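Q: This is the structure, below, for whatever I ask next.
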Protein chains: 2
Amino acid sequence: MKARIKITLKNGVLDPQGKAIGHALESLGFSGIDDVRQGKYIELKLNETDESKARAAIERMCEELLANTVIENYTYEIEA
Amino acid sequence: MKARIKITLKNGVLDPQGKAIGHALESLGFSGIDDVRQGKYIELKLNETDESKARAAIERMCEELLANTVIENYTYEIEA
């Protein structure tokens, strides 16, 4: 199974990297851009055919390593 | 409109960060993990009501700043 994980900062957590991207876009002439937030995107393959087991494994990976759940949220999709 | 952009390394481009995540997961006891790839995820709001104009703007942003199109691919979704 293939998993696609998105890790984003929680609302209210400052995102200086997102702010820098927003300023860079403005200085390139893009206007009307607001609220740029940068996160992480991780793809991986799992040797697991059972979807509920795969979901449980991905959630454990996010909680233990991939996301800092104090300041970050994660969402994921699983595909056979 | 809200845009969600995923930027990933092209196939064949080495991804040491993904490899490091894979090794870290293995050392935490996760097994059967393969082909970990890390990319970037960017969310932004656009003051644009026309979807085709928003798509054109996002594509220009990706080409000019957000993605290095020599080694990276980008995909995006737009939501009203």
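Letters A, B, ... mark the chains of the structure tokens in the order given; residue numbers begin at 1 per chain; ligand numbers begin at 1, in order shown.
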Using only C-alpha atoms, which protein or nucleic acid residues come within 12 Å of B:Pro16? Drop anything in the same chain fewer than 2 positions from it, and give the result as a PyMOL selection string.
A: chain B and resi 9+13-14+18-23+35-39
Q: Residues of chain A within 9 Å of chain B, using only C-alpha atoms, as an mmCIF file with C-alpha atoms, in the first residue's frame?
A:
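That gives us selection24.cif:
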```
data_model
loop_
_atom_site.group_PDB
_atom_site.id
_atom_site.type_symbol
_atom_site.label_atom_id
_atom_site.label_comp_id
_atom_site.auth_asym_id
_atom_site.auth_seq_id
_atom_site.Cartn_x
_atom_site.Cartn_y
_atom_site.Cartn_z
ATOM 1 C CA LYS A 6 0.700 15.799 4.848
ATOM 2 C CA ILE A 7 2.073 17.471 7.941
ATOM 3 C CA THR A 8 1.055 21.056 8.577
ATOM 4 C CA GLY A 18 5.442 30.462 4.913
ATOM 5 C CA ILE A 21 7.416 32.457 0.674
ATOM 6 C CA GLY A 22 4.574 34.986 0.742
ATOM 7 C CA ALA A 24 9.043 36.310 -2.131
ATOM 8 C CA LEU A 25 5.891 35.797 -4.218
ATOM 9 C CA LEU A 28 7.971 38.561 -7.915
ATOM 10 C CA PHE A 30 2.105 38.164 -7.504
ATOM 11 C CA SER A 31 -0.628 40.023 -5.666
ATOM 12 C CA GLY A 32 -3.615 39.058 -3.568
ATOM 13 C CA ILE A 33 -1.788 36.229 -1.839
ATOM 14 C CA ASP A 34 -2.622 35.573 1.759
ATOM 15 C CA ASP A 35 -1.923 33.120 4.509
ATOM 16 C CA VAL A 36 0.910 31.064 2.993
ATOM 17 C CA ARG A 37 1.730 28.024 5.126
ATOM 18 C CA GLN A 38 4.485 25.516 4.429
ATOM 19 C CA GLY A 39 4.297 21.934 5.570
ATOM 20 C CA LYS A 40 5.862 18.584 4.806
ATOM 21 C CA TYR A 41 4.690 15.923 2.424
ATOM 22 C CA ILE A 42 5.855 12.327 2.771
ATOM 23 C CA GLU A 43 5.145 9.380 0.504
ATOM 24 C CA LEU A 44 6.001 5.829 1.448
ATOM 25 C CA LYS A 45 5.223 2.259 0.549
ATOM 26 C CA LEU A 46 4.121 -0.278 3.136
ATOM 27 C CA ASN A 47 4.273 -4.058 2.768
ATOM 28 C CA GLU A 48 0.848 -4.420 4.296
ATOM 29 C CA ALA A 57 0.957 1.867 11.360
ATOM 30 C CA MET A 61 4.678 6.662 12.576
ATOM 31 C CA GLU A 64 6.270 8.832 17.079
ATOM 32 C CA LEU A 65 8.481 10.361 14.426
ATOM 33 C CA LEU A 66 7.051 12.222 11.480
#
```
Q: Please compute the atom CA of B:Ile71-atom CA of B:Glu59 distance, one decimal, in Å.
A: 16.2 Å
Q: Write out as a VMD selection string the set of residues from chain B that DSSP, computed on the backbone, places in alpha helix (DSSP H).
A: chain B and resid 16 to 27 51 to 61
Q: Please return, as a ChimeraX atom specification, all residues of chain A that DSSP assigns to strand (DSSP E) on the basis of the backbone.
A: /A:2-9,33-46,72-79
Q: Could you state the separation of atom CA of A:Glu26 and atom CA of B:Ala67 in Å, given to one decimal place?
A: 16.3 Å
Q: Report, in Å with one decimal, the straight-line distance from atom CA of B:Ser52 to atom CA of A:Glu77.
A: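 Between these atoms lies a distance of 26.9 Å.
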Q: Using only C-alpha atoms for the distances, tell me which of A:Glu79, A:Asn73, A:Gly29, A:Glu63 is nearest to A:Glu51.
A: A:Glu79
